[in-house]
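Notes for the one structure printed next.
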Amino acid sequence: MKNIGVLTSGGDGPGMNAAIRAVVRTAAYHGIDVYGIRRGYQGMIEGDIYKMQTTDVSNTIQRGGTILKTARSKEFMTAAGMQKAYEQLKKHGIEALVLIGGDGTFRGAVEFFKHYTIPAIGVPGTIDKDLAGTDFTIGFDTAVNTAVQAIDKIRDTAEAHDRLFIIEVMGRDAGYIALHSGLASGAEDILIPEMKTNMDEVLQRIDNDEHRKKTVHILVVAEGDDFGGAKEVYDAVTKRFPNKDVRSTVLGHIQRGGSPTCADRILASRLGHAAVEALCDGKTQVMAGIVNGELVYTPFEQCVKENGVISRDMAEMIRVLAV
Ligand code: F6P
């Protein structure tokens with residue numbers, strides 16, 4: 001194996017650059033050339049591919065975003081798109097791939113490998129942490145820390161005004177950011193897509209707080225909660241408590257940017273390195289992950305099917321600790 005390709009796909013996450021750096025440098029150590037594929041699968045289709053030098057990744061470990069850029073490619077999900085992508089890989093002499101991304105990236109990979117054969121290793125890069133086969137994904141720790149810092153600031157003003165705040169965090173299908181940021185910021189309640197929301201119970205808890213003379217109530221809602229996001233929850237709360245001082249905030253893409261935390265840099269470095277080592281060992285169509293501190297490789301299909309396991313105990317604990 002002389003040439004490998006690397007791409008980042010789907011939503012970016014802080015730490016992706018550290019993963020690219022680890023891929024480029026580990027490959028150089030083994031005497032393998034790395035081709036950077038810009039804008040994920042879309043760049044693969046369009047042949048937006050360049051030979052990377054080890055210096056291309058200098059001074060990137062601390063930077064958010066991705067130097068390879070990223071995209072969500074609809075065309076890649078078509079037979080014609082996949083064929084074009086495969087032809088570009090052949091044209092550039094790319095013999096294996098490192099795919100850095102989340103759920104959509106590995107679903108795309110599963111489809112592609114039904115039709116084309118090329119060794120590939122995945123690296124979990126998504127702030128959502130919605131993949132099985134790894135305890136943490138690259139970007140999650142930074143995103144949660146960003147959310148916690150924002151919620152802490154909101155709590156200051158909520159305390160000053162005795163207000164109820166509804167704070168929407170990211171997580172289209174997954175509640176991990178809400179769960180972890182809610183627990184770490186001392187939220188009174190969280191709403192996540194993995195647990196059906198009973199709005200009557202949520203409103204009852206707000207009422208109970210009022211009777212206990214608890215003047216601040218922070219409610220963290222994942223954008224993908226079955227009841228809705230901040231807007232829907234705000235409407236329900238203000239309808240039931242018309243005299244209550246309520247505000248809502250959507251944290252949005254602030255959670256996707258910024259310098260990666262130490263934990264994300266280490267995770268990304270370990271997994272980028274592991275991906276190249278796995279290709280050298282002849283592994284394919286598996287994602288590198290860390291489970292209980294140990295490096296493990298899990299087939300792409302399993303990573304996307306099982307979607308991690310949300311801790312209901314943690315969700316319950318948030319309510320207990322808010323009493
Ligand atoms: O997949 C990561 C994520 O940030 C989700 O939490 C969010 O729903 C989505 O991406 C937003 O995507 P976009 O940046 O394309 O609007």
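Quick note on naming: the chains in the structure tokens go A, B, ... in the order shown, residues restart at 1 in each chain, and ligands are numbered from 1 in order of appearance.
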
(Q) At a cut-off of 9 Å around ligand 1, and using only C-alpha atoms and all ligand atoms, what residues come up? Please write them as a VMD selection string. (A) chain A and resid 10 to 13 71 to 72 102 to 104 126 to 130 169 to 174 177 222 to 224 252 to 253 255 to 256

Those residues with N, CA and C atoms, as a PDB file, in the first residue's frame please?
```pdb
ATOM      1  N   GLY A  10     -19.807  15.098   6.582  1.00  0.00           N
ATOM      2  CA  GLY A  10     -20.902  15.408   7.510  1.00  0.00           C
ATOM      3  C   GLY A  10     -20.588  16.650   8.331  1.00  0.00           C
ATOM      4  N   GLY A  11     -21.271  16.791   9.458  1.00  0.00           N
ATOM      5  CA  GLY A  11     -21.029  17.957  10.319  1.00  0.00           C
ATOM      6  C   GLY A  11     -19.611  17.925  10.872  1.00  0.00           C
ATOM      7  N   ASP A  12     -18.915  19.068  10.852  1.00  0.00           N
ATOM      8  CA  ASP A  12     -17.551  19.078  11.396  1.00  0.00           C
ATOM      9  C   ASP A  12     -17.602  18.984  12.917  1.00  0.00           C
ATOM     10  N   GLY A  13     -16.462  18.691  13.499  1.00  0.00           N
ATOM     11  CA  GLY A  13     -16.378  18.628  14.954  1.00  0.00           C
ATOM     12  C   GLY A  13     -14.963  18.987  15.375  1.00  0.00           C
ATOM     13  N   ALA A  71     -18.744  18.251   3.774  1.00  0.00           N
ATOM     14  CA  ALA A  71     -20.024  18.461   3.077  1.00  0.00           C
ATOM     15  C   ALA A  71     -20.929  17.273   3.360  1.00  0.00           C
ATOM     16  N   ARG A  72     -22.206  17.469   3.080  1.00  0.00           N
ATOM     17  CA  ARG A  72     -23.152  16.344   3.106  1.00  0.00           C
ATOM     18  C   ARG A  72     -23.546  16.132   1.651  1.00  0.00           C
ATOM     19  N   GLY A 102     -19.432  10.957  10.952  1.00  0.00           N
ATOM     20  CA  GLY A 102     -20.420  10.398  11.869  1.00  0.00           C
ATOM     21  C   GLY A 102     -21.344   9.406  11.175  1.00  0.00           C
ATOM     22  N   ASP A 103     -22.535   9.354  11.696  1.00  0.00           N
ATOM     23  CA  ASP A 103     -23.571   8.435  11.243  1.00  0.00           C
ATOM     24  C   ASP A 103     -23.743   8.411   9.718  1.00  0.00           C
ATOM     25  N   GLY A 104     -23.923   9.617   9.128  1.00  0.00           N
ATOM     26  CA  GLY A 104     -24.167   9.713   7.685  1.00  0.00           C
ATOM     27  C   GLY A 104     -22.960   9.238   6.878  1.00  0.00           C
ATOM     28  N   THR A 126     -17.894  13.336  15.245  1.00  0.00           N
ATOM     29  CA  THR A 126     -19.204  14.005  15.285  1.00  0.00           C
ATOM     30  C   THR A 126     -19.458  14.512  16.692  1.00  0.00           C
ATOM     31  N   ILE A 127     -20.033  15.713  16.808  1.00  0.00           N
ATOM     32  CA  ILE A 127     -20.318  16.229  18.156  1.00  0.00           C
ATOM     33  C   ILE A 127     -21.477  15.473  18.803  1.00  0.00           C
ATOM     34  N   ASP A 128     -22.253  14.733  17.985  1.00  0.00           N
ATOM     35  CA  ASP A 128     -23.472  14.104  18.506  1.00  0.00           C
ATOM     36  C   ASP A 128     -23.225  12.858  19.361  1.00  0.00           C
ATOM     37  N   LYS A 129     -22.071  12.212  19.205  1.00  0.00           N
ATOM     38  CA  LYS A 129     -21.720  10.973  19.925  1.00  0.00           C
ATOM     39  C   LYS A 129     -22.748   9.855  19.670  1.00  0.00           C
ATOM     40  N   ASP A 130     -23.300   9.837  18.460  1.00  0.00           N
ATOM     41  CA  ASP A 130     -24.389   8.898  18.200  1.00  0.00           C
ATOM     42  C   ASP A 130     -23.920   7.676  17.411  1.00  0.00           C
ATOM     43  N   VAL A 169     -29.952  22.633  22.790  1.00  0.00           N
ATOM     44  CA  VAL A 169     -28.608  22.234  22.350  1.00  0.00           C
ATOM     45  C   VAL A 169     -28.745  21.334  21.125  1.00  0.00           C
ATOM     46  N   MET A 170     -27.614  21.087  20.446  1.00  0.00           N
ATOM     47  CA  MET A 170     -27.674  20.264  19.228  1.00  0.00           C
ATOM     48  C   MET A 170     -27.888  18.784  19.554  1.00  0.00           C
ATOM     49  N   GLY A 171     -28.204  18.039  18.532  1.00  0.00           N
ATOM     50  CA  GLY A 171     -28.475  16.608  18.673  1.00  0.00           C
ATOM     51  C   GLY A 171     -29.762  16.285  17.957  1.00  0.00           C
ATOM     52  N   ARG A 172     -29.616  16.046  16.631  1.00  0.00           N
ATOM     53  CA  ARG A 172     -30.807  15.839  15.802  1.00  0.00           C
ATOM     54  C   ARG A 172     -31.564  14.579  16.215  1.00  0.00           C
ATOM     55  N   ASP A 173     -30.796  13.501  16.408  1.00  0.00           N
ATOM     56  CA  ASP A 173     -31.435  12.243  16.817  1.00  0.00           C
ATOM     57  C   ASP A 173     -30.884  11.738  18.142  1.00  0.00           C
ATOM     58  N   ALA A 174     -29.998  12.506  18.733  1.00  0.00           N
ATOM     59  CA  ALA A 174     -29.314  11.995  19.918  1.00  0.00           C
ATOM     60  C   ALA A 174     -29.304  13.029  21.035  1.00  0.00           C
ATOM     61  N   ILE A 177     -25.554  15.375  24.057  1.00  0.00           N
ATOM     62  CA  ILE A 177     -25.074  16.724  24.410  1.00  0.00           C
ATOM     63  C   ILE A 177     -25.978  17.294  25.509  1.00  0.00           C
ATOM     64  N   ALA A 222     -32.805  18.849  23.837  1.00  0.00           N
ATOM     65  CA  ALA A 222     -32.083  18.472  22.613  1.00  0.00           C
ATOM     66  C   ALA A 222     -32.944  18.883  21.428  1.00  0.00           C
ATOM     67  N   GLU A 223     -32.319  19.395  20.374  1.00  0.00           N
ATOM     68  CA  GLU A 223     -33.098  19.894  19.224  1.00  0.00           C
ATOM     69  C   GLU A 223     -34.019  18.818  18.639  1.00  0.00           C
ATOM     70  N   GLY A 224     -33.627  17.541  18.821  1.00  0.00           N
ATOM     71  CA  GLY A 224     -34.417  16.458  18.216  1.00  0.00           C
ATOM     72  C   GLY A 224     -35.408  15.817  19.169  1.00  0.00           C
ATOM     73  N   GLY A 252     -27.140  26.494  19.068  1.00  0.00           N
ATOM     74  CA  GLY A 252     -26.804  26.359  17.648  1.00  0.00           C
ATOM     75  C   GLY A 252     -25.352  25.996  17.345  1.00  0.00           C
ATOM     76  N   HIS A 253     -24.850  26.549  16.226  1.00  0.00           N
ATOM     77  CA  HIS A 253     -23.552  26.103  15.700  1.00  0.00           C
ATOM     78  C   HIS A 253     -22.347  26.540  16.511  1.00  0.00           C
ATOM     79  N   GLN A 255     -21.709  25.352  19.099  1.00  0.00           N
ATOM     80  CA  GLN A 255     -21.274  24.059  19.655  1.00  0.00           C
ATOM     81  C   GLN A 255     -20.356  23.285  18.710  1.00  0.00           C
ATOM     82  N   ARG A 256     -20.319  23.673  17.457  1.00  0.00           N
ATOM     83  CA  ARG A 256     -19.512  22.913  16.492  1.00  0.00           C
ATOM     84  C   ARG A 256     -18.103  23.478  16.308  1.00  0.00           C
TER      85      ARG A 256
END
```

Excluding A:Lys244 and its own-chain neighbours fewer than 4 positions away, which residues fall within 12 Å of it when counting only C-alpha atoms? Please give them as a compact mmCIF listing (two decimals) with C-alpha atoms, in the first residue's frame.
```txt
# COMPACT_ATOMS: atom_id res chain seq x y z
CA HIS A 161 -33.93 37.92 37.19
CA ASP A 162 -35.48 34.80 38.79
CA ARG A 163 -36.23 33.42 35.35
CA LEU A 164 -36.95 30.08 33.80
CA PHE A 165 -34.71 29.37 30.82
CA ILE A 206 -41.76 23.42 37.23
CA ASP A 207 -44.80 23.90 39.45
CA GLU A 210 -42.29 27.19 42.40
CA THR A 215 -36.68 30.69 41.58
CA VAL A 216 -34.42 29.50 38.75
CA HIS A 217 -35.23 26.62 36.45
CA TYR A 234 -41.43 27.71 25.44
CA VAL A 237 -44.50 26.52 29.46
CA THR A 238 -45.81 30.06 28.88
CA LYS A 239 -49.29 28.74 28.13
CA ARG A 240 -49.43 26.94 31.47
```

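For the atom pair formed by atom CA of A:Glu168 and atom CA of A:Val202, the distance is 15.4 Å, given to one decimal.
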
Q: Please provide as a PyMOL selection string all residues within 12 Å of A:Leu89, with the sequence filter that same-chain residues fewer than 4 positions apart are discarded (counting only C-alpha atoms).
A: chain A and resi 3-6+35-37+41+43-50+82-85+93-97+116-119

Take the residues from that selection and put them in a file with N, CA, C and O atoms, as a compact mmCIF listing (two decimals), in the first residue's frame.
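Dumped to out31.txt:
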```txt
# COMPACT_ATOMS: atom_id res chain seq x y z
N ASN A 3 -0.44 4.52 -1.39
CA ASN A 3 -1.23 5.77 -1.33
C ASN A 3 -2.55 5.55 -0.59
O ASN A 3 -3.29 4.62 -0.94
N ILE A 4 -2.84 6.42 0.37
CA ILE A 4 -4.17 6.37 0.99
C ILE A 4 -4.85 7.74 0.87
O ILE A 4 -4.18 8.76 0.77
N GLY A 5 -6.18 7.72 0.90
CA GLY A 5 -6.94 8.97 0.86
C GLY A 5 -7.56 9.20 2.22
O GLY A 5 -7.87 8.26 2.94
N VAL A 6 -7.73 10.47 2.58
CA VAL A 6 -8.40 10.80 3.84
C VAL A 6 -9.42 11.90 3.58
O VAL A 6 -9.16 12.81 2.78
N TYR A 35 -3.39 11.34 0.32
CA TYR A 35 -4.12 12.28 -0.54
C TYR A 35 -5.31 12.83 0.26
O TYR A 35 -6.13 12.07 0.76
N GLY A 36 -5.36 14.14 0.36
CA GLY A 36 -6.48 14.78 1.04
C GLY A 36 -7.63 14.94 0.06
O GLY A 36 -7.45 15.42 -1.06
N ILE A 37 -8.80 14.48 0.47
CA ILE A 37 -10.00 14.61 -0.38
C ILE A 37 -10.84 15.71 0.25
O ILE A 37 -11.31 15.57 1.39
N TYR A 41 -17.41 13.22 0.58
CA TYR A 41 -17.74 12.40 -0.60
C TYR A 41 -17.97 13.25 -1.84
O TYR A 41 -17.75 12.81 -2.95
N GLY A 43 -16.33 15.94 -2.73
CA GLY A 43 -15.01 16.19 -3.31
C GLY A 43 -14.44 14.94 -3.97
O GLY A 43 -13.67 15.03 -4.93
N MET A 44 -14.81 13.78 -3.43
CA MET A 44 -14.35 12.52 -4.04
C MET A 44 -14.97 12.38 -5.44
O MET A 44 -14.29 12.04 -6.41
N ILE A 45 -16.24 12.70 -5.54
CA ILE A 45 -16.94 12.64 -6.83
C ILE A 45 -16.31 13.60 -7.84
O ILE A 45 -16.10 13.27 -9.00
N GLU A 46 -15.99 14.80 -7.34
CA GLU A 46 -15.49 15.87 -8.24
C GLU A 46 -13.97 15.83 -8.42
O GLU A 46 -13.41 16.65 -9.14
N GLY A 47 -13.31 14.89 -7.77
CA GLY A 47 -11.85 14.78 -7.92
C GLY A 47 -11.10 15.93 -7.26
O GLY A 47 -10.01 16.30 -7.71
N ASP A 48 -11.68 16.49 -6.20
CA ASP A 48 -11.03 17.59 -5.47
C ASP A 48 -10.04 16.96 -4.48
O ASP A 48 -10.28 16.88 -3.27
N ILE A 49 -8.93 16.51 -5.04
CA ILE A 49 -8.00 15.65 -4.30
C ILE A 49 -6.58 16.18 -4.48
O ILE A 49 -6.20 16.57 -5.58
N TYR A 50 -5.80 16.23 -3.41
CA TYR A 50 -4.41 16.71 -3.52
C TYR A 50 -3.48 15.90 -2.62
O TYR A 50 -3.91 15.36 -1.60
N MET A 82 -21.58 7.35 -6.93
CA MET A 82 -20.61 6.39 -6.38
C MET A 82 -19.61 5.95 -7.44
O MET A 82 -18.42 5.81 -7.17
N GLN A 83 -20.12 5.77 -8.66
CA GLN A 83 -19.23 5.35 -9.74
C GLN A 83 -18.18 6.43 -10.03
O GLN A 83 -16.99 6.14 -10.16
N LYS A 84 -18.65 7.68 -10.09
CA LYS A 84 -17.71 8.79 -10.33
C LYS A 84 -16.66 8.84 -9.21
O LYS A 84 -15.48 9.05 -9.47
N ALA A 85 -17.10 8.66 -7.99
CA ALA A 85 -16.19 8.71 -6.85
C ALA A 85 -15.13 7.60 -6.97
O ALA A 85 -13.94 7.85 -6.78
N GLY A 93 -4.81 6.88 -7.99
CA GLY A 93 -4.00 5.76 -7.45
C GLY A 93 -4.21 5.55 -5.96
O GLY A 93 -3.32 5.04 -5.26
N ILE A 94 -5.41 5.93 -5.46
CA ILE A 94 -5.69 5.76 -4.02
C ILE A 94 -6.11 4.31 -3.76
O ILE A 94 -7.06 3.80 -4.36
N GLU A 95 -5.36 3.67 -2.86
CA GLU A 95 -5.57 2.22 -2.64
C GLU A 95 -6.38 1.92 -1.38
O GLU A 95 -6.78 0.77 -1.16
N ALA A 96 -6.54 2.92 -0.52
CA ALA A 96 -7.27 2.71 0.74
C ALA A 96 -7.75 4.06 1.25
O ALA A 96 -7.24 5.10 0.84
N LEU A 97 -8.72 4.02 2.16
CA LEU A 97 -9.34 5.27 2.63
C LEU A 97 -9.41 5.34 4.15
O LEU A 97 -9.63 4.31 4.82
N TYR A 116 -18.39 -1.39 -4.46
CA TYR A 116 -16.96 -1.20 -4.79
C TYR A 116 -16.09 -1.71 -3.65
O TYR A 116 -16.47 -1.59 -2.48
N THR A 117 -14.94 -2.24 -4.04
CA THR A 117 -14.05 -2.80 -3.02
C THR A 117 -12.79 -1.96 -2.92
O THR A 117 -12.03 -1.83 -3.89
N ILE A 118 -12.59 -1.39 -1.76
CA ILE A 118 -11.36 -0.67 -1.47
C ILE A 118 -11.24 -0.66 0.07
O ILE A 118 -12.23 -0.41 0.76
N PRO A 119 -10.08 -1.01 0.60
CA PRO A 119 -9.96 -1.02 2.07
C PRO A 119 -10.29 0.35 2.66
O PRO A 119 -9.90 1.38 2.09
```

Q: Any chance you could list, as a ChimeraX atom specification, the residues in stretch 151-246 of chain A that come up helix (DSSP H, G or I) when DSSP is run on the backbone?
A: /A:151-161,176-184,199-211,230-240

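With atom CA of A:Ile166 on one side and atom CA of A:Asp245 on the other, the separation reads 11.3 Å.
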
(Q) I want to know what sits within 12 Å of A:Ile20, based on only C-alpha atoms, with residues of the same chain fewer than 2 positions away left out; could you give that as an MDAnalysis selection string? (A) chainID A and resid 5:8 14:18 22:27 34:38 52:61 63:69 98:101 123 125 138 265 268:276

Q. Where does DSSP see strand (DSSP E) in stretch 156-311 of chain A, if you list the residues as a PyMOL selection string?
A. chain A and resi 164-169+189-191+217-222+246-250+286-291+294-299

Q: Do a neighbour search on A:Glu201 at 12 Å with only C-alpha atoms, toss out local chain neighbours closer than 3 positions, and write the hits as a list in words.
A: Asp189, Leu191, Lys196, Thr197, Asn198, Gln204, Arg205, Ile206, Asp207, Asn208, Ala236, Val237 and Arg319 of chain A

Output of the above residues as a PDB file, in the first residue's frame, restricted to C-alpha atoms:
```pdb
ATOM      1  CA  ASP A 189     -34.497  19.094  33.700  1.00  0.00           C
ATOM      2  CA  LEU A 191     -35.554  16.567  27.321  1.00  0.00           C
ATOM      3  CA  LYS A 196     -40.471  10.137  25.385  1.00  0.00           C
ATOM      4  CA  THR A 197     -41.298  13.572  26.758  1.00  0.00           C
ATOM      5  CA  ASN A 198     -44.371  13.816  28.962  1.00  0.00           C
ATOM      6  CA  GLN A 204     -45.560  19.628  37.107  1.00  0.00           C
ATOM      7  CA  ARG A 205     -41.861  19.692  38.011  1.00  0.00           C
ATOM      8  CA  ILE A 206     -41.757  23.418  37.232  1.00  0.00           C
ATOM      9  CA  ASP A 207     -44.797  23.902  39.454  1.00  0.00           C
ATOM     10  CA  ASN A 208     -43.153  21.914  42.258  1.00  0.00           C
ATOM     11  CA  ALA A 236     -46.119  24.979  26.356  1.00  0.00           C
ATOM     12  CA  VAL A 237     -44.499  26.525  29.456  1.00  0.00           C
ATOM     13  CA  ARG A 319     -33.871  15.435  38.322  1.00  0.00           C
TER      14      ARG A 319
END
```

Q | atom CA of A:Asp313 to atom CA of A:Asn145, distance in Å rounded to a single decimal | A | 21.2 Å

Q | Residue neighbourhood A:Gly133, 6 Å, only C-alpha atoms, exclusion window fewer than 6 positions, as a PyMOL selection string | A | chain A and resi 289+298+303

Q.
Just checking: using only C-alpha atoms, which residue out of A:Gln285, A:Thr261, A:Thr249, A:Ser311 ends up closest to A:Val110?
A. A:Gln285

Q) Of the candidates A:Ser9, A:Gln42, A:Thr284, A:Asn292, which one gets nearest to A:Tyr86 if we count only C-alpha atoms? A)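 Smallest separation from A:Tyr86 among the options: A:Gln42.
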
(Q) What's around A:Ser185 at 8 Å? Count only C-alpha atoms, leave out sequence neighbours fewer than 6 positions away in its own chain, and write the answer as a ChimeraX atom specification. (A) /A:148,151-152
